[in-house]
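This report refers to the structure that appears directly beneath it.
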Amino acid sequence: MIENTIKLFTIFLLTTVLFAGSAFAQDMDERAKLLAEAQEPFLKGEYEKAIKIYDEILKIYPADSKILEMKGVALSNLRLESTLAMQPQQNVSPRDQSALNKSSMLEFYKALEINPKSVLALNGMGLGFGNFGEYSEAERYFKKSLEIEADNQVTQNYLISLEKLKKKYSLSIFENPTKKPDFLQKLEERIPGLISNLSLSG
């Protein structure tokens, strides 16, 4: 059941590409040049290559929330690639979906610590919780995202998907979530402060 419902959380791949182009169309300084270098493989779906470049950029700009966001998106899209019913491809090694989801969430969390009003990072966290079957927590993040950007179509679509899950399964998957991985339990312990900071800064 959970495996089927998780498919509702796989619309990240194409929608986030729309953010990528506009996020970095500012001044063409050294940072922007490095981002352009990462953007090319990202848009081609060469996410592992893009992630390596993001890691290099983060050595120079460790507190840059935009780079953390894009690394999180790339990791999330790698996970998505492994869950979709794709044709067999050459030179594609099997990937650990859970580890990729965890890694993407940690990048989004770091981005939110720097910029608590990042809609992209909030949606990324919501998506990550949904992928782990933590639908109530996912809903919190999507609703927080809409408080910041009420007309965001991506976030609205996520919440519509959650409403469909509620109706289909009579709230059981919301009231009886899957067993949390240890890292997620620790992350959730830090989240209330993050959410409350976001509310105070709103």
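Residue numbering restarts at 1 for every chain of the structure tokens, chains are lettered A, B, ... in their displayed order, and ligands are numbered from 1 as they appear.
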
Could you give me, as a PyMOL selection string, the residues within 9 Å of range 67-70 of chain A, counting only C-alpha atoms and dropping anything in the same chain fewer than 3 positions from it?
chain A and resi 16+20+35+51+54-55+57-58+61-64+73-75+104+107-112+118+120-121+124

Please report, as a PyMOL selection string, each residue of range 36-132 of chain A to which DSSP assigns alpha helix (DSSP H) when run on this structure's backbone.
chain A and resi 36-43+47-60+65-83+97-114+119-131

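The gap separating CA of Ala150 in chain A from CA of Gly128 in chain A is 20.8 Å, in Å to one decimal.
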
In Å, rounded to a single decimal, give me how far CA of Asn123 in chain A is from CA of Ile60 in chain A.
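Answer for the CA of Ile60 in chain A to CA of Asn123 in chain A separation: 26.0 Å.
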
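CA of Leu127 in chain A sits 16.9 Å away from CA of Glu149 in chain A.
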
Proximity to Asn152 in chain A - best of A:Leu34, A:Val119, A:Glu113, A:Tyr135, only C-alpha atoms
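Under the stated criterion, the closest residue is A:Val119.
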